[in-house]
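Working notes for the structure below.
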Amino acid sequence: MTEETSFQQEYEIKGGDFSHGGEVSCEIKNLLKELGLNAQTVRRAAIASYEAEMNVIMYARECRVDLSVTPRKIQIVFEDKGPGIKNVKLAMNEGYSTATREMRELGFGAGMGLPNIKKNTDKFKITSKVGRGTRLEMTIMTNGHKP
Amino acid sequence: MLMTLKEVQTLLGGELLTQGLDLETPCNKVFASDMMSDVLAFMDAGSILLTGMVNSHVVRTACLADVTAIVLVQGKKPAPDVVAEAMKISVPIISTGCSMFEACSRISRSFPETIR
C-alpha cells in the first residue's frame, strides 16, 4: 500500500444469528492479512471486531459495519439498531455482563467484551442511546504510528 | 522446549479429527478454557487451546485469535460442519479422552517449560 491508497468495505450483521456469528470478523481478518499488515496488528483488529460482532449477535437487531484501512490505521465502525446500553461506564467494567444462559453456553458473556475491545484498540469511542442502538468506533494504528 | 502437535497428540492418546493437517508445528504455549471470552482476552497468539466446547465459535475464535491447534477434552467430537470449518482455515482439531485436568497435567509434566 502506498500512503495515498486506502481500502473500504461494508458488512451487515443480523442480530440473533448465532450460527454465523464471527464470520464477518473472519472476513475482515483475512482481508487485513491480504493487505500485508503485520500479524500482531491484524490479530488486535480481529479480536476487537469479533467481540463487537458477538455483542451485536447477542443483543442487537441488525448492524452495519464499516471497515476502512489506510497505511497508518485500521478503522472499524459498528453501528447497530438495538436496545442500546443503559450505563456505558458500568458495561466497560471487566466482569459486568447481562448475557443470557444461551450466550454463556456458547462460551461468551464473561463481561470481557467491551474492556477487551478497549485493550486491543488504540482509540475506542462508544456512544449509545437506549431503545435506539449503539455505535462503536475503533481505531487500530499500524506499526510505528500514534493515534 | 518446544513440543510438536504430534507429540501432544501422542501424549494425550488423541485422535486427529482434521485428517491430513500438519502436526509437525512446534509450540510452547497452552491455554485451557471453555470461555471463548477468556480466550480472546487472555490467550497468547500461537497457543494450543484445550477446551470442552465443540460449537463453531471455538473454530472462529481459533481463527481470529491465532490458535495453533484445538484439543477437545472428555472425548468430545464436534459436528462435521465444525470440523470442515477447521479444515478450511487449517487449524488441527485433536480429540482426547482425557479430562481437562488430566490433559493439562500430562502436558505440564512432559513439557515443564511450557508457557501457560
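By order in the C-alpha cells, chains are A, B, ...; within a chain, residues start at 1; ligands start at 1, following the order shown.
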I need the residues of region 12-147 of chain A that end up classed as strand (DSSP E or B) by DSSP on the backbone, written out as an MDAnalysis selection string. chainID A and resid 12:14 62:69 73:81 123:129 133:141
For the selection just defined, write its residues with C-alpha atoms to a file, as a PDB file, in the first residue's frame.
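Okay, this is what ended up in again37.pdb:
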ATOM      1  CA  GLU A  12     -24.106  -6.341   7.559  1.00  0.00           C
ATOM      2  CA  ILE A  13     -24.698  -8.440  10.678  1.00  0.00           C
ATOM      3  CA  LYS A  14     -28.057  -9.846  11.759  1.00  0.00           C
ATOM      4  CA  GLU A  62     -29.001  -5.542  12.995  1.00  0.00           C
ATOM      5  CA  CYS A  63     -25.740  -3.780  12.439  1.00  0.00           C
ATOM      6  CA  ARG A  64     -23.768  -2.074   9.719  1.00  0.00           C
ATOM      7  CA  VAL A  65     -20.016  -2.454   9.820  1.00  0.00           C
ATOM      8  CA  ASP A  66     -17.682  -0.069   8.019  1.00  0.00           C
ATOM      9  CA  LEU A  67     -14.056  -1.047   7.628  1.00  0.00           C
ATOM     10  CA  SER A  68     -11.519   1.411   6.313  1.00  0.00           C
ATOM     11  CA  VAL A  69      -7.805   0.851   6.068  1.00  0.00           C
ATOM     12  CA  LYS A  73      -4.564   2.921  10.621  1.00  0.00           C
ATOM     13  CA  ILE A  74      -7.439   0.461  10.563  1.00  0.00           C
ATOM     14  CA  GLN A  75     -10.812   1.862  11.492  1.00  0.00           C
ATOM     15  CA  ILE A  76     -13.862  -0.332  12.154  1.00  0.00           C
ATOM     16  CA  VAL A  77     -17.227   1.217  12.958  1.00  0.00           C
ATOM     17  CA  PHE A  78     -20.125  -0.897  14.240  1.00  0.00           C
ATOM     18  CA  GLU A  79     -23.452   0.926  14.192  1.00  0.00           C
ATOM     19  CA  ASP A  80     -26.359  -1.182  15.394  1.00  0.00           C
ATOM     20  CA  LYS A  81     -30.087  -0.902  15.822  1.00  0.00           C
ATOM     21  CA  LYS A 123      -8.697   4.582  20.123  1.00  0.00           C
ATOM     22  CA  PHE A 124     -12.153   3.420  21.151  1.00  0.00           C
ATOM     23  CA  LYS A 125     -15.291   5.522  21.220  1.00  0.00           C
ATOM     24  CA  ILE A 126     -18.667   4.199  22.278  1.00  0.00           C
ATOM     25  CA  THR A 127     -21.961   6.065  22.097  1.00  0.00           C
ATOM     26  CA  SER A 128     -25.316   4.546  22.880  1.00  0.00           C
ATOM     27  CA  LYS A 129     -28.954   5.575  23.008  1.00  0.00           C
ATOM     28  CA  GLY A 133     -28.772   1.458  19.311  1.00  0.00           C
ATOM     29  CA  THR A 134     -25.045   1.575  19.892  1.00  0.00           C
ATOM     30  CA  ARG A 135     -22.133   2.872  17.857  1.00  0.00           C
ATOM     31  CA  LEU A 136     -18.607   1.606  18.370  1.00  0.00           C
ATOM     32  CA  GLU A 137     -15.736   3.358  16.667  1.00  0.00           C
ATOM     33  CA  MET A 138     -12.445   1.542  16.948  1.00  0.00           C
ATOM     34  CA  THR A 139      -9.066   2.501  15.578  1.00  0.00           C
ATOM     35  CA  ILE A 140      -6.007   0.304  15.443  1.00  0.00           C
ATOM     36  CA  MET A 141      -2.802   2.008  14.385  1.00  0.00           C
TER      37      MET A 141
END
Please report, as a Markdown table, each residue of chain B lying at most 8 Å from chain A, together with the nearest pair of atoms and the separation in Å rounded to one decimal; use only C-alpha atoms, and order rows by chain and ascending residue number.
| residue | atom | partner | partner_atom | distance |
| --- | --- | --- | --- | --- |
| B:Asp34 | CA | A:Gly107 | CA | 6.1 |
| B:Met35 | CA | A:Gly107 | CA | 4.3 |
| B:Met36 | CA | A:Gly107 | CA | 4.9 |
| B:Ser37 | CA | A:Phe108 | CA | 5.3 |
| B:Asp38 | CA | A:Met112 | CA | 7.4 |
| B:Leu40 | CA | A:Ile47 | CA | 6.4 |
| B:Ala41 | CA | A:Asn116 | CA | 5.8 |
| B:Met53 | CA | A:Gly107 | CA | 7.6 |
| B:Asn55 | CA | A:Leu106 | CA | 7.2 |
| B:Ser56 | CA | A:Ser19 | CA | 7.4 |
| B:His57 | CA | A:Leu106 | CA | 7.3 |
| B:Arg60 | CA | A:Gly22 | CA | 6.2 |
| B:Thr61 | CA | A:Gly22 | CA | 8.0 |
| B:Cys63 | CA | A:Cys26 | CA | 7.1 |
| B:Leu64 | CA | A:Ala46 | CA | 5.6 |
| B:Ala65 | CA | A:Arg43 | CA | 6.2 |
| B:Asp66 | CA | A:Arg43 | CA | 7.3 |
Expressed in Å to a single decimal, how great is the separation between CA of Glu34 (chain A) and CA of Pro92 (chain B)?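 Spanning CA of Glu34 (chain A) to CA of Pro92 (chain B) is a straight-line distance of 22.2 Å.
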DSSP says alpha helix (DSSP H) for which residues of chain A? Put them as a count of residues only? 50
Can you tell me how far CA of Gly20 (chain B) sits from CA of Val39 (chain B), in Å to one decimal?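 CA of Val39 (chain B) lies 26.0 Å from CA of Gly20 (chain B).
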B:Ser33, B:Ile115, B:Ser110, B:Gly52 ranked by distance to Glu7 (chain B), top pick (using only C-alpha atoms):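 For Glu7 (chain B), the nearest of the given residues is B:Ser110.
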Could you jot down the CA of Val67 (chain B) to CA of Arg101 (chain A) separation for me, Å, one decimal place?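 Taking CA of Val67 (chain B) as the start and CA of Arg101 (chain A) as the end point, the length is 25.9 Å.
Using only C-alpha atoms for every distance, the candidate list B:Val73, B:Ala45, B:Leu11, B:Leu50 yields B:Val73 as the residue closest to Gly97 (chain B).
The residue set within 8 Å of Leu21 (chain B), counting only C-alpha atoms and dropping same-chain residues fewer than 5 places from it, reads Met87, Ser90, Val91 and Pro92 of chain B.
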Could the residues in this selection be saved with C-alpha atoms as a PDB file, in the first residue's frame?
ATOM      1  CA  MET B  87     -10.085 -27.826   7.820  1.00  0.00           C
ATOM      2  CA  SER B  90      -6.068 -25.258   8.592  1.00  0.00           C
ATOM      3  CA  VAL B  91      -6.433 -25.438  12.379  1.00  0.00           C
ATOM      4  CA  PRO B  92      -5.989 -29.061  13.534  1.00  0.00           C
TER       5      PRO B  92
END
